[in-house]
Amino acid sequence: MVVDFRRPRPHPEPVIIKGDCVEVVHTYKYLGVQLDDKLDWTANTDALCRKGQSRLYFLRRLASFNICKKLLQIFYQSVVAAPSCTQ
C-alpha cells in the first residue's frame, strides 16, 4: 500500500523485493484493522459494522425460536460482546 497525500496523485513506481513486483492495493487488513491508502477509517468502520450486524442477526434469529433469556444473554456475551480478541 502506498500512502501519498499529494493532490495530483502520481502513479507510484513499482516496488520490487527480491525480484518480485509487490502488488499495490487500496486497502489492507493488518492485525484485524482495515487500513486504506488515504489513512481513512471508513473501510475499518464498515467491516466492523458488517461483523456486528451479522452477529446480531444470529441473536435475533435465536430469539425468534423462543429461546430462554438466559441462553440469549450467554450467546450475546460470548459471541456479540466479547469476541474482540478473535478477529
# chains A, B, ... in the order shown; residues from 1 in each chain; ligands from 1
>>> residues_around(residues="Phe75 of chain A", least_positions_apart="6", cutoff="10 Å", atoms="only C-alpha atoms", output="ChimeraX atom specification")
/A:55,58-59,62,69,81
>>> select_by_dssp(residues="segment 20-70 of chain A", states="helix (DSSP H, G or I)", output="JSON, numbers by chain")
{"A": [42, 43, 44, 45, 46, 47, 48, 49, 50, 51, 52, 53, 54, 55, 56, 57, 58, 59, 60, 61, 62, 63, 64, 69, 70]}
>>> write_last_selection(atoms="N, CA, C and O atoms", output="tab-separated table (two decimals), in the first residue's frame")
chain	number	residue	atom	x	y	z
A	42	THR	N	-12.94	4.60	7.14
A	42	THR	CA	-14.22	4.16	6.59
A	42	THR	C	-14.24	2.65	6.34
A	42	THR	O	-15.21	1.98	6.70
A	43	ALA	N	-13.21	2.10	5.73
A	43	ALA	CA	-13.18	0.66	5.43
A	43	ALA	C	-13.22	-0.15	6.71
A	43	ALA	O	-13.93	-1.17	6.80
A	44	ASN	N	-12.48	0.28	7.73
A	44	ASN	CA	-12.46	-0.44	9.00
A	44	ASN	C	-13.83	-0.36	9.68
A	44	ASN	O	-14.34	-1.36	10.20
A	45	THR	N	-14.42	0.83	9.70
A	45	THR	CA	-15.72	1.01	10.33
A	45	THR	C	-16.79	0.17	9.62
A	45	THR	O	-17.62	-0.47	10.28
A	46	ASP	N	-16.76	0.15	8.29
A	46	ASP	CA	-17.73	-0.65	7.54
A	46	ASP	C	-17.57	-2.14	7.85
A	46	ASP	O	-18.57	-2.85	8.01
A	47	ALA	N	-16.33	-2.62	7.93
A	47	ALA	CA	-16.10	-4.03	8.24
A	47	ALA	C	-16.60	-4.38	9.63
A	47	ALA	O	-17.22	-5.44	9.83
A	48	LEU	N	-16.37	-3.51	10.60
A	48	LEU	CA	-16.84	-3.76	11.96
A	48	LEU	C	-18.37	-3.75	12.02
A	48	LEU	O	-18.97	-4.57	12.72
A	49	CYS	N	-19.00	-2.83	11.30
A	49	CYS	CA	-20.47	-2.78	11.28
A	49	CYS	C	-21.05	-4.04	10.66
A	49	CYS	O	-22.04	-4.59	11.17
A	50	ARG	N	-20.46	-4.50	9.56
A	50	ARG	CA	-20.94	-5.74	8.92
A	50	ARG	C	-20.81	-6.92	9.88
A	50	ARG	O	-21.72	-7.76	9.98
A	51	LYS	N	-19.68	-7.01	10.58
A	51	LYS	CA	-19.47	-8.11	11.50
A	51	LYS	C	-20.47	-8.04	12.65
A	51	LYS	O	-21.05	-9.05	13.06
A	52	GLY	N	-20.70	-6.85	13.18
A	52	GLY	CA	-21.66	-6.69	14.27
A	52	GLY	C	-23.08	-7.01	13.83
A	52	GLY	O	-23.83	-7.67	14.56
A	53	GLN	N	-23.47	-6.56	12.64
A	53	GLN	CA	-24.80	-6.86	12.12
A	53	GLN	C	-25.00	-8.35	11.93
A	53	GLN	O	-26.07	-8.89	12.20
A	54	SER	N	-23.95	-9.03	11.47
A	54	SER	CA	-24.03	-10.47	11.27
A	54	SER	C	-24.25	-11.18	12.60
A	54	SER	O	-25.09	-12.09	12.71
A	55	ARG	N	-23.52	-10.77	13.62
A	55	ARG	CA	-23.66	-11.42	14.93
A	55	ARG	C	-25.02	-11.10	15.56
A	55	ARG	O	-25.62	-11.97	16.19
A	56	LEU	N	-25.50	-9.88	15.39
A	56	LEU	CA	-26.81	-9.54	15.93
A	56	LEU	C	-27.93	-10.28	15.19
A	56	LEU	O	-28.97	-10.58	15.77
A	57	TYR	N	-27.72	-10.57	13.91
A	57	TYR	CA	-28.71	-11.34	13.15
A	57	TYR	C	-28.93	-12.71	13.81
A	57	TYR	O	-30.06	-13.15	13.99
A	58	PHE	N	-27.83	-13.37	14.20
A	58	PHE	CA	-27.96	-14.68	14.82
A	58	PHE	C	-28.66	-14.57	16.18
A	58	PHE	O	-29.43	-15.45	16.55
A	59	LEU	N	-28.41	-13.49	16.91
A	59	LEU	CA	-29.10	-13.30	18.18
A	59	LEU	C	-30.61	-13.12	17.95
A	59	LEU	O	-31.43	-13.73	18.65
A	60	ARG	N	-30.98	-12.31	16.96
A	60	ARG	CA	-32.40	-12.12	16.64
A	60	ARG	C	-33.03	-13.43	16.16
A	60	ARG	O	-34.18	-13.75	16.47
A	61	ARG	N	-32.27	-14.19	15.40
A	61	ARG	CA	-32.78	-15.47	14.89
A	61	ARG	C	-33.05	-16.43	16.03
A	61	ARG	O	-34.07	-17.12	16.06
A	62	LEU	N	-32.12	-16.49	16.99
A	62	LEU	CA	-32.33	-17.35	18.15
A	62	LEU	C	-33.54	-16.89	18.95
A	62	LEU	O	-34.33	-17.71	19.44
A	63	ALA	N	-33.70	-15.58	19.11
A	63	ALA	CA	-34.84	-15.05	19.86
A	63	ALA	C	-36.16	-15.41	19.18
A	63	ALA	O	-37.17	-15.61	19.85
A	64	SER	N	-36.15	-15.52	17.86
A	64	SER	CA	-37.39	-15.87	17.14
A	64	SER	C	-37.82	-17.31	17.41
A	64	SER	O	-38.97	-17.66	17.21
A	69	LYS	N	-34.26	-16.37	27.98
A	69	LYS	CA	-33.44	-15.16	28.06
A	69	LYS	C	-32.02	-15.45	28.55
A	69	LYS	O	-31.07	-14.81	28.11
A	70	LYS	N	-31.86	-16.39	29.45
A	70	LYS	CA	-30.54	-16.71	29.99
A	70	LYS	C	-29.61	-17.20	28.87
A	70	LYS	O	-28.45	-16.79	28.78
>>> atom_distance(atom1="atom CA of Val33 of chain A", atom2="atom CA of Val80 of chain A")
18.0 Å
>>> select_by_dssp(residues="chain A", states="strand (DSSP E)", output="list in words")
Val15, Ile16, Ile17, Asp20, Cys21, Val22, Thr27, Tyr28, Lys29, Tyr30, Val33, Gln34, Leu35 and Asp36 of chain A
>>> write_last_selection(atoms="C-alpha atoms", output="PDB file, in the first residue's frame")
ATOM      1  CA  VAL A  15       8.251  -1.794  -5.768  1.00  0.00           C
ATOM      2  CA  ILE A  16      10.433  -4.840  -6.368  1.00  0.00           C
ATOM      3  CA  ILE A  17      11.617  -7.045  -3.500  1.00  0.00           C
ATOM      4  CA  ASP A  20       9.156  -9.940  -7.240  1.00  0.00           C
ATOM      5  CA  CYS A  21       6.940  -6.957  -8.009  1.00  0.00           C
ATOM      6  CA  VAL A  22       4.832  -6.017  -4.964  1.00  0.00           C
ATOM      7  CA  THR A  27      -6.973  -1.436   1.405  1.00  0.00           C
ATOM      8  CA  TYR A  28      -5.075  -3.916   3.555  1.00  0.00           C
ATOM      9  CA  LYS A  29      -6.047  -5.805   6.702  1.00  0.00           C
ATOM     10  CA  TYR A  30      -3.269  -5.752   9.305  1.00  0.00           C
ATOM     11  CA  VAL A  33      -7.601  -3.361  11.302  1.00  0.00           C
ATOM     12  CA  GLN A  34      -8.570  -2.345   7.767  1.00  0.00           C
ATOM     13  CA  LEU A  35      -6.112   0.286   6.528  1.00  0.00           C
ATOM     14  CA  ASP A  36      -6.519   2.212   3.299  1.00  0.00           C
TER      15      ASP A  36
END
>>> atom_distance(atom1="atom CA of Val24 of chain A", atom2="atom CA of Lys38 of chain A")
13.3 Å
>>> atom_distance(atom1="atom CA of Arg9 of chain A", atom2="atom CA of Glu23 of chain A")
17.4 Å
